[in-house]
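Participant: Here's a structure for you.
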Amino acid sequence: GRDLLDVPSVPAGCVCGIGGLDRHVLKYATLSGSKECLPLSFMALQVMPIVRVAVEPENPLQHEDLVRGLQLLNQADPSVETRVQETGELIIVASGEMHLERCVKDLEDLFARIAIRVSPPLVQFKETL
């Protein structure tokens, strides 16, 4: 959903978000009150990220804020990839143009909370047999 709601409990079978696990969980985890609970397998996504952009802060002094924001975006969205190239370039790879626009907006407004510059998008084409 678009809003975050504090709730005292969540019934089995419902999807919820839990804060404070960012040091322990990257994208997926199985939480249970029982030690006998087996981990659920991770979600295999049908969509591969193909649209790539480079991002940089408008103010170079906010570089660390952008790096942290990219880490949070990577944790929040299972279908986005974020990378730091060997050259230091910060990269976002998304599933499409609309997904990329949403990721950039979330990065600016929620995760990094800074103004950023975004390169023109590059689309990767891959063929397989």
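Ligands are numbered from 1 in the order shown, residues from 1 within each chain, and chains are lettered A, B, ... in the order they appear in the structure tokens.
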Please report, as number ranges by chain, each residue of chain A to which DSSP assigns alpha helix (DSSP H) when run on this structure's backbone.

Facilitator: A: 63-76, 97-106

Participant: Kindly export the residues of the current selection with N, CA and C atoms, as an mmCIF file, in the first residue's frame.

Facilitator:
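Saved to part-v1.cif:
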data_model
loop_
_atom_site.group_PDB
_atom_site.id
_atom_site.type_symbol
_atom_site.label_atom_id
_atom_site.label_comp_id
_atom_site.auth_asym_id
_atom_site.auth_seq_id
_atom_site.Cartn_x
_atom_site.Cartn_y
_atom_site.Cartn_z
ATOM 1 N N HIS A 63 27.222 12.810 -1.201
ATOM 2 C CA HIS A 63 27.480 11.514 -1.827
ATOM 3 C C HIS A 63 27.136 10.346 -0.902
ATOM 4 N N GLU A 64 27.523 10.423 0.360
ATOM 5 C CA GLU A 64 27.246 9.341 1.311
ATOM 6 C C GLU A 64 25.745 9.167 1.537
ATOM 7 N N ASP A 65 24.997 10.276 1.522
ATOM 8 C CA ASP A 65 23.537 10.185 1.657
ATOM 9 C C ASP A 65 22.946 9.418 0.484
ATOM 10 N N LEU A 66 23.483 9.660 -0.718
ATOM 11 C CA LEU A 66 22.993 8.958 -1.900
ATOM 12 C C LEU A 66 23.335 7.476 -1.833
ATOM 13 N N VAL A 67 24.538 7.140 -1.403
ATOM 14 C CA VAL A 67 24.929 5.729 -1.286
ATOM 15 C C VAL A 67 24.013 5.016 -0.305
ATOM 16 N N ARG A 68 23.748 5.630 0.841
ATOM 17 C CA ARG A 68 22.848 5.030 1.837
ATOM 18 C C ARG A 68 21.429 4.916 1.280
ATOM 19 N N GLY A 69 20.969 5.929 0.559
ATOM 20 C CA GLY A 69 19.648 5.884 -0.063
ATOM 21 C C GLY A 69 19.529 4.750 -1.067
ATOM 22 N N LEU A 70 20.592 4.516 -1.834
ATOM 23 C CA LEU A 70 20.590 3.403 -2.796
ATOM 24 C C LEU A 70 20.517 2.058 -2.076
ATOM 25 N N GLN A 71 21.199 1.941 -0.945
ATOM 26 C CA GLN A 71 21.123 0.701 -0.165
ATOM 27 C C GLN A 71 19.693 0.463 0.320
ATOM 28 N N LEU A 72 19.037 1.505 0.794
ATOM 29 C CA LEU A 72 17.658 1.381 1.263
ATOM 30 C C LEU A 72 16.713 1.047 0.112
ATOM 31 N N LEU A 73 16.903 1.682 -1.047
ATOM 32 C CA LEU A 73 16.084 1.377 -2.224
ATOM 33 C C LEU A 73 16.255 -0.077 -2.617
ATOM 34 N N ASN A 74 17.484 -0.567 -2.604
ATOM 35 C CA ASN A 74 17.766 -1.957 -2.955
ATOM 36 C C ASN A 74 17.059 -2.920 -2.005
ATOM 37 N N GLN A 75 16.994 -2.576 -0.729
ATOM 38 C CA GLN A 75 16.308 -3.421 0.243
ATOM 39 C C GLN A 75 14.798 -3.361 0.064
ATOM 40 N N ALA A 76 14.273 -2.194 -0.276
ATOM 41 C CA ALA A 76 12.829 -1.996 -0.335
ATOM 42 C C ALA A 76 12.182 -2.585 -1.586
ATOM 43 N N GLU A 97 10.700 1.755 -17.807
ATOM 44 C CA GLU A 97 10.761 3.203 -17.633
ATOM 45 C C GLU A 97 9.943 3.688 -16.445
ATOM 46 N N MET A 98 8.717 3.171 -16.309
ATOM 47 C CA MET A 98 7.866 3.602 -15.191
ATOM 48 C C MET A 98 8.448 3.148 -13.858
ATOM 49 N N HIS A 99 8.977 1.920 -13.824
ATOM 50 C CA HIS A 99 9.603 1.419 -12.599
ATOM 51 C C HIS A 99 10.810 2.288 -12.246
ATOM 52 N N LEU A 100 11.592 2.646 -13.235
ATOM 53 C CA LEU A 100 12.758 3.498 -13.011
ATOM 54 C C LEU A 100 12.336 4.868 -12.470
ATOM 55 N N GLU A 101 11.302 5.470 -13.062
ATOM 56 C CA GLU A 101 10.812 6.765 -12.582
ATOM 57 C C GLU A 101 10.395 6.674 -11.113
ATOM 58 N N ARG A 102 9.704 5.591 -10.759
ATOM 59 C CA ARG A 102 9.260 5.395 -9.372
ATOM 60 C C ARG A 102 10.465 5.238 -8.439
ATOM 61 N N CYS A 103 11.463 4.488 -8.883
ATOM 62 C CA CYS A 103 12.665 4.285 -8.068
ATOM 63 C C CYS A 103 13.403 5.599 -7.830
ATOM 64 N N VAL A 104 13.543 6.416 -8.865
ATOM 65 C CA VAL A 104 14.239 7.696 -8.735
ATOM 66 C C VAL A 104 13.466 8.622 -7.802
ATOM 67 N N LYS A 105 12.141 8.656 -7.957
ATOM 68 C CA LYS A 105 11.319 9.496 -7.071
ATOM 69 C C LYS A 105 11.430 9.024 -5.620
ATOM 70 N N ASP A 106 11.341 7.706 -5.398
ATOM 71 C CA ASP A 106 11.479 7.177 -4.035
ATOM 72 C C ASP A 106 12.866 7.468 -3.471
#

Participant: From a DSSP pass on the backbone, collect the residues of chain A flagged as strand (DSSP E) and hand them back as an MDAnalysis selection string.

Facilitator: chainID A and resid 51:57 81:84 90:94 116:118 122:123

Participant: At what distance in Å, to one decimal, does CA of Glu89 in chain A lie from CA of Pro120 in chain A?

Facilitator: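 We find that CA of Pro120 in chain A and CA of Glu89 in chain A lie 14.0 Å from each other.
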
Participant: Nearest to Leu61 in chain A: which of A:Lys35, A:Val93, A:Gly13, A:Ile116 is it, counting only C-alpha atoms?

Facilitator: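 Going through A:Lys35, A:Val93, A:Gly13, A:Ile116 one by one, the smallest distance to Leu61 in chain A is for A:Ile116.
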
Participant: Can you work out which one of A:Val10, A:Val25, A:Leu31, A:Ala54 has the shortest atom-to-atom distance to Leu90 in chain A, counting only C-alpha atoms?

Facilitator: A:Ala54
